[in-house]
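The structure appears right after this line, and notes come after that.
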Amino acid sequence: MRKVPQWLFGAVVLAASTGRLAAQTAGPPIGDNQWYIGAQGGVLLFETPTQTRGAMPMVGGHLMINLRRVAFLLQVQEGFGSDETANYFETTAPAQTRQVVFNDIRMYNGMVLVLPWKSAIQPYIGAGVSIIHVVHPRPQAVLGSPAVQQIIQDYTNRVGSYGAGSFLVGLQLRVSRVAIFGQAQIWTTSPNEFINSGGVVVASGRLLQGPIHTLTAGLRIGLGSAQEDTKGGGY
């Protein structure tokens with residue numbers, strides 16, 4: 001588990017300085033009915049049953065459709081860790097706490113954004129739904145036949161993935177067809193998974209606990225109009 005990297009705070013200061021300079025030469029507001037594709041990077045803050053809250057670097061990509069003061073955002077983001085630890089509880093004999101090791105956390109996210117006003121510098125807020133997925137979790141000290149090992153792996157996969165809500169606040173600055181943005185996002189927690197077999201709970205828990213937070217910055221590039229421009233008012 002790593003602490004929040006110091007370069008992130010430097011990047012925030014640099015982004016703020018760059019934003020003030022770019023605002024003096026920024027183009028007109030982001031146009032309505034536009035497609036955007038972009039990439040972002042930053043930091044993912046998370047916690048597990050065995051680790052206090054810490055951070056891992058993350059990267060991602062997204063597609064955005066801007067429609068007047070509302071936009072639709074689809075994102076895929078992944079945090080990259082190294083031998084992070086977690087656990088869950090198995091009630092099958094013998095009952096035990098199963099230790100798990102993993103590296104990465106992947107998140108799929110669809111959101112509706114609200115852009116309160118149109119300007120070169122534009123704040124936005126949003127809410128949506130997400131799938132949070134621990135990538136290739138590895139249960140430890142698994143004994144028994146290949147069939148038993150596969151059952152334990154299936155338990156581990158299930159407690160490592162869940163659906164969640166997500167809320168976002170961001171700020172973007174448009175320079176010609178390019179928008180520079182920064183955003184903070186919170187991903188809600190989910191109740192424990194209870195795995196049943198024959199009406200009996202055989203395992204329970206989550207590999208991730210508490211809300212996840214992400215802080216990212218990046219670029220999005222306009223691809224053109226999302227509908228036919230009949231007035232010649234597009235780019």
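For the structure tokens, the naming scheme is as follows: chains receive sequential letters (A, B, ...) according to their order of presentation, residues are indexed from 1 within each chain, and ligands are indexed from 1 in presentation order.
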
Write out as a list in words each polymer residue whose atoms come within 8 Å of Met58 (chain A), counting only C-alpha atoms; drop sequence neighbours fewer than 5 positions from it.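 Non-adjacent residues within range: Gly41, Gly42, Val43, Leu44, Gln77, Glu78, Gly79 and Phe80 of chain A.
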
Could you please write out, as number ranges by chain, every residue of region 98-141 of chain A that DSSP assigns to strand (DSSP E or B)? A: 98-114, 121-135, 138-139

So the first atom is CA of Ile131 (chain A) and the second is CA of Val159 (chain A); what is the distance between them in Å, to one decimal place?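 If I compute the distance from CA of Ile131 (chain A) to CA of Val159 (chain A), I get 12.7 Å.
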
How close does region 182-223 of chain A get to region 95-103 of chain A? List, as CSV, each residue of region 182-223 of chain A within 10 Å, its nearest atom pair and the distance in Å to one decimal, counting only C-alpha atoms.
residue,atom,partner,partner_atom,distance
A:Val202,CA,A:Ala95,CA,9.0
A:Ala203,CA,A:Ala95,CA,9.2
A:Ser204,CA,A:Thr97,CA,9.8
A:Gly205,CA,A:Thr97,CA,9.8
A:Leu207,CA,A:Val100,CA,8.0

Tell me, counting only C-alpha atoms, for each residue of region 61-156 of chain A within 7 Å of region 163-180 of chain A, which pair of atoms is nearest and how far apart they are in Å to one decimal, in rows ordered by chain and increasing number, as CSV.
residue,atom,partner,partner_atom,distance
A:Ala120,CA,A:Arg174,CA,5.5
A:Ile121,CA,A:Leu173,CA,4.6
A:Gln122,CA,A:Gln172,CA,5.3
A:Pro123,CA,A:Leu171,CA,4.2
A:Tyr124,CA,A:Gly170,CA,5.3
A:Ile125,CA,A:Val169,CA,4.4
A:Gly126,CA,A:Leu168,CA,5.0
A:Ala127,CA,A:Phe167,CA,4.5
A:Gly128,CA,A:Ser166,CA,5.3
A:Val129,CA,A:Gly165,CA,4.6
A:Ser130,CA,A:Ala164,CA,5.1
A:Ile131,CA,A:Gly163,CA,4.5
A:Ile132,CA,A:Gly163,CA,6.2

Do you know which residues are at most 9 Å from Asn157 (chain A) counting only C-alpha atoms, after dropping those on the same chain fewer than 2 positions away, and could you put them as an MDAnalysis selection string? chainID A and resid 133:138 152:155 159:161

Go ahead and dump the residues you just picked, C-alpha atoms, as a CSV table (one decimal), in the first residue's frame.
chain,number,residue,atom,x,y,z
A,133,HIS,CA,-13.8,-5.4,-10.4
A,134,VAL,CA,-10.7,-6.7,-8.6
A,135,VAL,CA,-8.6,-8.1,-11.4
A,136,HIS,CA,-7.4,-11.7,-11.0
A,137,PRO,CA,-7.6,-12.0,-7.2
A,138,ARG,CA,-5.4,-14.9,-5.9
A,152,ILE,CA,-12.5,-21.3,-3.9
A,153,GLN,CA,-11.4,-19.2,-6.9
A,154,ASP,CA,-15.1,-18.7,-7.8
A,155,TYR,CA,-15.9,-17.5,-4.3
A,159,VAL,CA,-16.5,-11.2,-3.5
A,160,GLY,CA,-14.1,-9.1,-5.6
A,161,SER,CA,-16.7,-7.6,-8.0
